[in-house]
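The file input-v3.tsv comes next; it holds TSV, N, CA, C and O atoms.
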chain	number	residue	atom	x	y	z
G	1456	MET	N	21.38	113.59	100.56
G	1456	MET	CA	22.11	114.44	101.48
G	1456	MET	C	23.60	114.22	101.31
G	1456	MET	O	24.36	115.15	101.25
G	1457	LEU	N	24.01	112.96	101.22
G	1457	LEU	CA	25.42	112.65	101.05
G	1457	LEU	C	25.94	113.16	99.73
G	1457	LEU	O	27.07	113.63	99.63
G	1458	PHE	N	25.10	113.10	98.69
G	1458	PHE	CA	25.50	113.57	97.37
G	1458	PHE	C	25.81	115.06	97.39
G	1458	PHE	O	26.78	115.51	96.80
G	1459	SER	N	24.98	115.85	98.07
G	1459	SER	CA	25.20	117.29	98.10
G	1459	SER	C	26.47	117.64	98.84
G	1459	SER	O	27.15	118.59	98.50
G	1460	VAL	N	26.83	116.87	99.85
G	1460	VAL	CA	28.07	117.14	100.59
G	1460	VAL	C	29.27	116.88	99.69
G	1460	VAL	O	30.20	117.68	99.63
G	1461	SER	N	29.27	115.78	98.96
G	1461	SER	CA	30.41	115.48	98.08
G	1461	SER	C	30.49	116.48	96.94
G	1461	SER	O	31.57	116.84	96.51
G	1462	LEU	N	29.34	116.95	96.45
G	1462	LEU	CA	29.34	117.94	95.39
G	1462	LEU	C	29.92	119.25	95.88
G	1462	LEU	O	30.69	119.90	95.18
G	1463	THR	N	29.61	119.62	97.12
G	1463	THR	CA	30.15	120.85	97.67
G	1463	THR	C	31.66	120.74	97.82
G	1463	THR	O	32.37	121.70	97.57
G	1464	ARG	N	32.14	119.61	98.21
G	1464	ARG	CA	33.59	119.44	98.35
G	1464	ARG	C	34.29	119.57	97.01
G	1464	ARG	O	35.34	120.17	96.90
G	1465	LYS	N	33.70	119.01	95.95
G	1465	LYS	CA	34.30	119.13	94.62
G	1465	LYS	C	34.34	120.57	94.16
G	1465	LYS	O	35.31	121.02	93.59
G	1466	ILE	N	33.28	121.30	94.42
G	1466	ILE	CA	33.24	122.71	94.02
G	1466	ILE	C	34.33	123.48	94.75
G	1466	ILE	O	35.02	124.31	94.17
G	1467	LYS	N	34.50	123.20	96.02
G	1467	LYS	CA	35.52	123.91	96.78
G	1467	LYS	C	36.92	123.59	96.25
G	1467	LYS	O	37.76	124.46	96.15
G	1468	THR	N	37.18	122.35	95.89
G	1468	THR	CA	38.51	122.02	95.38
G	1468	THR	C	38.74	122.63	94.01
G	1468	THR	O	39.83	123.07	93.71
G	1469	PHE	N	37.70	122.69	93.17
G	1469	PHE	CA	37.86	123.33	91.87
G	1469	PHE	C	38.09	124.83	92.04
G	1469	PHE	O	38.86	125.43	91.31
G	1470	ALA	N	37.43	125.44	93.01
G	1470	ALA	CA	37.57	126.88	93.21
G	1470	ALA	C	38.99	127.24	93.64
G	1470	ALA	O	39.52	128.28	93.29
G	1471	THR	N	39.65	126.37	94.38
G	1471	THR	CA	41.00	126.69	94.83
G	1471	THR	C	42.02	126.50	93.73
G	1471	THR	O	43.11	127.07	93.79
G	1472	LYS	N	41.69	125.74	92.68
G	1472	LYS	CA	42.64	125.49	91.60
G	1472	LYS	C	42.51	126.49	90.46
G	1472	LYS	O	43.22	126.40	89.48
G	1473	MET	N	41.61	127.46	90.55
G	1473	MET	CA	41.45	128.43	89.49
G	1473	MET	C	42.67	129.34	89.41
G	1473	MET	O	43.22	129.74	90.43
G	1474	VAL	N	43.08	129.66	88.20
G	1474	VAL	CA	44.23	130.52	87.99
G	1474	VAL	C	43.79	131.71	87.17
G	1474	VAL	O	43.16	131.57	86.12
G	1475	ILE	N	44.12	132.90	87.64
G	1475	ILE	CA	43.79	134.12	86.90
G	1475	ILE	C	45.01	134.50	86.09
G	1475	ILE	O	46.10	134.69	86.62
G	1476	THR	N	44.83	134.62	84.78
G	1476	THR	CA	45.94	134.97	83.91
G	1476	THR	C	45.82	136.42	83.48
G	1476	THR	O	44.72	136.96	83.40
G	1477	SER	N	46.93	137.03	83.18
G	1477	SER	CA	46.90	138.40	82.69
G	1477	SER	C	46.59	138.39	81.20
G	1477	SER	O	46.83	137.41	80.51
G	1478	GLY	N	46.06	139.49	80.68
G	1478	GLY	CA	45.70	139.56	79.27
G	1478	GLY	C	46.92	139.78	78.40
G	1478	GLY	O	47.43	140.89	78.30
G	1479	ASN	N	47.43	138.74	77.78
G	1479	ASN	CA	48.55	138.86	76.86
G	1479	ASN	C	48.04	139.23	75.47
G	1479	ASN	O	46.86	139.16	75.18
G	1480	ASP	N	48.95	139.63	74.59
G	1480	ASP	CA	48.57	139.94	73.21
G	1480	ASP	C	48.05	138.70	72.49
G	1480	ASP	O	47.16	138.78	71.67
G	1481	GLU	N	48.61	137.55	72.81
G	1481	GLU	CA	48.17	136.30	72.19
G	1481	GLU	C	46.74	135.98	72.61
G	1481	GLU	O	45.94	135.48	71.82
G	1482	ASP	N	46.41	136.26	73.87
G	1482	ASP	CA	45.07	135.98	74.37
G	1482	ASP	C	44.04	136.90	73.73
G	1482	ASP	O	42.90	136.51	73.54
G	1483	LYS	N	44.43	138.13	73.41
G	1483	LYS	CA	43.48	139.08	72.83
G	1483	LYS	C	42.97	138.59	71.49
G	1483	LYS	O	41.79	138.73	71.18
G	1484	GLY	N	43.85	138.02	70.67
G	1484	GLY	CA	43.42	137.48	69.38
G	1484	GLY	C	42.46	136.33	69.57
G	1484	GLY	O	41.47	136.21	68.85
G	1485	GLY	N	42.75	135.48	70.53
G	1485	GLY	CA	41.86	134.36	70.82
G	1485	GLY	C	40.53	134.83	71.37
G	1485	GLY	O	39.48	134.27	71.07
G	1486	GLN	N	40.56	135.88	72.19
G	1486	GLN	CA	39.33	136.41	72.76
G	1486	GLN	C	38.46	137.05	71.69
G	1486	GLN	O	37.24	136.94	71.71
G	1487	GLU	N	39.11	137.74	70.73
G	1487	GLU	CA	38.34	138.34	69.64
G	1487	GLU	C	37.68	137.26	68.80
G	1487	GLU	O	36.54	137.40	68.38
G	1488	LYS	N	38.41	136.17	68.57
G	1488	LYS	CA	37.86	135.07	67.78
G	1488	LYS	C	36.69	134.43	68.53
G	1488	LYS	O	35.65	134.13	67.94
G	1489	GLU	N	36.86	134.24	69.84
G	1489	GLU	CA	35.77	133.67	70.65
G	1489	GLU	C	34.56	134.58	70.65
G	1489	GLU	O	33.43	134.12	70.57
G	1490	SER	N	34.81	135.88	70.74
G	1490	SER	CA	33.71	136.84	70.75
G	1490	SER	C	32.94	136.78	69.43
G	1490	SER	O	31.70	136.82	69.42
G	1491	LYS	N	33.67	136.68	68.32
G	1491	LYS	CA	33.02	136.59	67.02
G	1491	LYS	C	32.23	135.29	66.91
G	1491	LYS	O	31.09	135.29	66.42
G	1492	GLU	N	32.80	134.19	67.39
G	1492	GLU	CA	32.10	132.91	67.36
G	1492	GLU	C	30.83	132.96	68.20
G	1492	GLU	O	29.78	132.46	67.80
G	1493	GLU	N	30.93	133.59	69.37
G	1493	GLU	CA	29.77	133.69	70.24
G	1493	GLU	C	28.67	134.52	69.61
G	1493	GLU	O	27.49	134.18	69.72
G	1494	SER	N	29.04	135.60	68.92
G	1494	SER	CA	28.02	136.44	68.29
G	1494	SER	C	27.36	135.69	67.13
G	1494	SER	O	26.16	135.82	66.91
G	1495	VAL	N	28.15	134.90	66.38
G	1495	VAL	CA	27.57	134.11	65.29
G	1495	VAL	C	26.62	133.06	65.86
G	1495	VAL	O	25.51	132.87	65.34
G	1496	LEU	N	27.02	132.39	66.93
G	1496	LEU	CA	26.15	131.38	67.55
G	1496	LEU	C	24.88	132.01	68.11
G	1496	LEU	O	23.80	131.43	68.02
G	1497	ALA	N	25.01	133.20	68.68
G	1497	ALA	CA	23.83	133.89	69.20
G	1497	ALA	C	22.87	134.23	68.07
G	1497	ALA	O	21.65	134.07	68.20
G	1498	MET	N	23.43	134.71	66.95
G	1498	MET	CA	22.58	135.05	65.80
G	1498	MET	C	21.89	133.81	65.25
G	1498	MET	O	20.70	133.84	64.91
G	1499	LEU	N	22.61	132.70	65.17
G	1499	LEU	CA	22.00	131.45	64.71
G	1499	LEU	C	20.89	130.99	65.65
G	1499	LEU	O	19.86	130.47	65.21
G	1500	GLY	N	21.09	131.18	66.94
G	1500	GLY	CA	20.05	130.83	67.90
G	1500	GLY	C	18.81	131.66	67.73
G	1500	GLY	O	17.69	131.16	67.81
G	1501	ILE	N	18.99	132.96	67.48
G	1501	ILE	CA	17.84	133.85	67.27
G	1501	ILE	C	17.10	133.46	65.99
G	1501	ILE	O	15.87	133.38	65.97
G	1502	ILE	N	17.85	133.21	64.92
G	1502	ILE	CA	17.24	132.81	63.65
G	1502	ILE	C	16.48	131.49	63.82
G	1502	ILE	O	15.36	131.34	63.33
G	1503	GLY	N	17.08	130.54	64.53
G	1503	GLY	CA	16.41	129.26	64.77
G	1503	GLY	C	15.13	129.42	65.56
G	1503	GLY	O	14.12	128.77	65.27
G	1504	THR	N	15.15	130.30	66.54
G	1504	THR	CA	13.95	130.54	67.35
G	1504	THR	C	12.84	131.15	66.50
G	1504	THR	O	11.67	130.75	66.60
G	1505	ILE	N	13.19	132.11	65.66
G	1505	ILE	CA	12.20	132.74	64.78
G	1505	ILE	C	11.60	131.71	63.82
G	1505	ILE	O	10.39	131.67	63.62
G	1506	LEU	N	12.46	130.87	63.24
G	1506	LEU	CA	11.95	129.84	62.33
G	1506	LEU	C	11.04	128.86	63.06
G	1506	LEU	O	10.01	128.43	62.51
G	1507	ASN	N	11.38	128.49	64.28
G	1507	ASN	CA	10.51	127.60	65.06
G	1507	ASN	C	9.16	128.24	65.32
G	1507	ASN	O	8.12	127.58	65.24
G	1508	LEU	N	9.14	129.53	65.63
G	1508	LEU	CA	7.87	130.22	65.87
G	1508	LEU	C	7.03	130.26	64.60
G	1508	LEU	O	5.80	130.08	64.65
G	1509	ILE	N	7.67	130.49	63.45
G	1509	ILE	CA	6.93	130.50	62.18
G	1509	ILE	C	6.31	129.14	61.91
G	1509	ILE	O	5.15	129.04	61.51
G	1510	VAL	N	7.08	128.09	62.15
G	1510	VAL	CA	6.55	126.73	61.94
G	1510	VAL	C	5.38	126.47	62.88
G	1510	VAL	O	4.35	125.92	62.47
G	1511	ILE	N	5.49	126.87	64.12
G	1511	ILE	CA	4.40	126.67	65.09
G	1511	ILE	C	3.15	127.41	64.64
G	1511	ILE	O	2.02	126.89	64.71
G	1512	ILE	N	3.32	128.64	64.14
G	1512	ILE	CA	2.16	129.42	63.68
G	1512	ILE	C	1.50	128.73	62.49
G	1512	ILE	O	0.27	128.60	62.43
G	1513	PHE	N	2.30	128.28	61.50
G	1513	PHE	CA	1.72	127.60	60.34
G	1513	PHE	C	1.02	126.31	60.73
G	1513	PHE	O	-0.06	126.00	60.22
G	1514	VAL	N	1.61	125.55	61.63
G	1514	VAL	CA	0.97	124.30	62.07
G	1514	VAL	C	-0.34	124.61	62.79
G	1514	VAL	O	-1.35	123.93	62.59
G	1515	TYR	N	-0.35	125.65	63.60
G	1515	TYR	CA	-1.58	126.03	64.31
G	1515	TYR	C	-2.66	126.42	63.32
G	1515	TYR	O	-3.82	126.01	63.43
G	1516	ILE	N	-2.30	127.24	62.32
G	1516	ILE	CA	-3.27	127.68	61.32
G	1516	ILE	C	-3.77	126.45	60.52
G	1516	ILE	O	-4.98	126.32	60.27
G	1517	TYR	N	-2.87	125.57	60.13
G	1517	TYR	CA	-3.24	124.39	59.33
G	1517	TYR	C	-4.17	123.46	60.10
G	1517	TYR	O	-5.12	122.92	59.54
G	1518	THR	N	-3.92	123.29	61.40
G	1518	THR	CA	-4.75	122.35	62.18
G	1518	THR	C	-6.10	122.96	62.55
G	1518	THR	O	-7.05	122.23	62.84
G	1519	THR	N	-6.23	124.27	62.56
G	1519	THR	CA	-7.51	124.88	62.94
G	1519	THR	C	-8.43	125.07	61.75
G	1519	THR	O	-9.61	125.37	61.94
G	1520	LEU	N	-7.92	124.94	60.53
G	1520	LEU	CA	-8.78	125.11	59.35
G	1520	LEU	C	-9.57	123.88	59.04
G	1520	LEU	O	-9.30	122.80	59.29

Could the structure of this file be written out as C-alpha coordinates, please?
Amino acid sequence: MLFSVSLTRKIKTFATKMVITSGNDEDKGGQEKESKEESVLAMLGIIGTILNLIVIIFVYIYTTL
(Lines of atoms letter the chains of each structure in order from A and count residues from 1; the text may use other names and numbers.)
(Lines give C-alpha, C1' and ligand atoms only; values in the text may rest on other atoms or scores of the structure.)
Protein backbone atom coordinates (compact mmCIF):
# COMPACT_ATOMS: atom_id res chain seq x y z
CA MET A 1 0.00 0.00 0.00
CA LEU A 2 2.80 2.38 0.92
CA PHE A 3 4.64 1.54 -2.30
CA SER A 4 1.67 2.51 -4.47
CA VAL A 5 1.36 5.87 -2.72
CA SER A 6 5.01 6.74 -3.31
CA LEU A 7 4.75 5.58 -6.92
CA THR A 8 1.76 7.84 -7.46
CA ARG A 9 3.65 10.79 -6.06
CA LYS A 10 6.56 10.17 -8.43
CA ILE A 11 4.23 9.99 -11.41
CA LYS A 12 2.63 13.27 -10.42
CA THR A 13 5.99 15.02 -10.10
CA PHE A 14 7.16 13.67 -13.46
CA ALA A 15 3.92 14.80 -15.09
CA THR A 16 4.42 18.38 -13.92
CA LYS A 17 7.96 18.52 -15.33
CA MET A 18 6.96 17.57 -18.88
CA VAL A 19 7.77 20.19 -21.50
CA ILE A 20 6.00 20.42 -24.83
CA THR A 21 8.30 21.66 -27.57
CA SER A 22 7.31 23.07 -30.92
CA GLY A 23 8.29 21.21 -34.09
CA ASN A 24 11.49 22.84 -35.33
CA ASP A 25 13.18 21.99 -38.63
CA GLU A 26 15.99 20.32 -36.69
CA ASP A 27 13.48 18.11 -34.88
CA LYS A 28 11.85 17.02 -38.14
CA GLY A 29 15.08 15.44 -39.37
CA GLY A 30 15.47 13.62 -36.08
CA GLN A 31 11.85 12.50 -36.15
CA GLU A 32 12.24 11.14 -39.68
CA LYS A 33 15.33 9.22 -38.59
CA GLU A 34 13.49 7.85 -35.55
CA SER A 35 10.54 6.87 -37.72
CA LYS A 36 12.83 5.00 -40.10
CA GLU A 37 14.56 3.26 -37.18
CA GLU A 38 11.22 2.28 -35.69
CA SER A 39 10.02 0.82 -38.98
CA VAL A 40 13.25 -1.18 -39.36
CA LEU A 41 12.93 -2.50 -35.80
CA ALA A 42 9.29 -3.40 -36.40
CA MET A 43 10.24 -5.29 -39.57
CA LEU A 44 13.00 -7.15 -37.70
CA GLY A 45 10.50 -8.07 -35.00
CA ILE A 46 8.07 -9.46 -37.56
CA ILE A 47 10.82 -11.44 -39.29
CA GLY A 48 12.01 -12.80 -35.94
CA THR A 49 8.50 -13.87 -35.02
CA ILE A 50 8.03 -15.67 -38.33
CA LEU A 51 11.36 -17.47 -37.93
CA ASN A 52 10.41 -18.52 -34.39
CA LEU A 53 7.12 -19.95 -35.65
CA ILE A 54 8.94 -21.89 -38.39
CA VAL A 55 11.33 -23.35 -35.82
CA ILE A 56 8.44 -24.31 -33.54
CA ILE A 57 6.66 -26.05 -36.44
CA PHE A 58 9.80 -28.00 -37.43
CA VAL A 59 10.46 -29.04 -33.84
CA TYR A 60 6.84 -30.16 -33.47
CA ILE A 61 7.03 -32.21 -36.68
CA TYR A 62 10.42 -33.70 -35.69
CA THR A 63 9.24 -34.73 -32.21
CA THR A 64 5.98 -36.30 -33.43
CA LEU A 65 7.63 -38.53 -36.06

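As for atom CA of G:Ile1501 and atom CA of G:Lys1488, they are spaced 20.1 Å apart.
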
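If you look at atom CA of G:Ala1497 and atom CA of G:Ile1509, they are 18.6 Å away from each other.
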
Box dimensions and centre (Å, one decimal) enclosing stretch 1493-1510 of chain G, axis-aligned, 6 Å extra per side, as AutoDock Vina command-line options:
--center_x 17.6 --center_y 131.2 --center_z 65.9 --size_x 38.6 --size_y 22.5 --size_z 20.7

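Atom C of G:Gly1503 lies 16.1 Å from atom N of G:Tyr1515.
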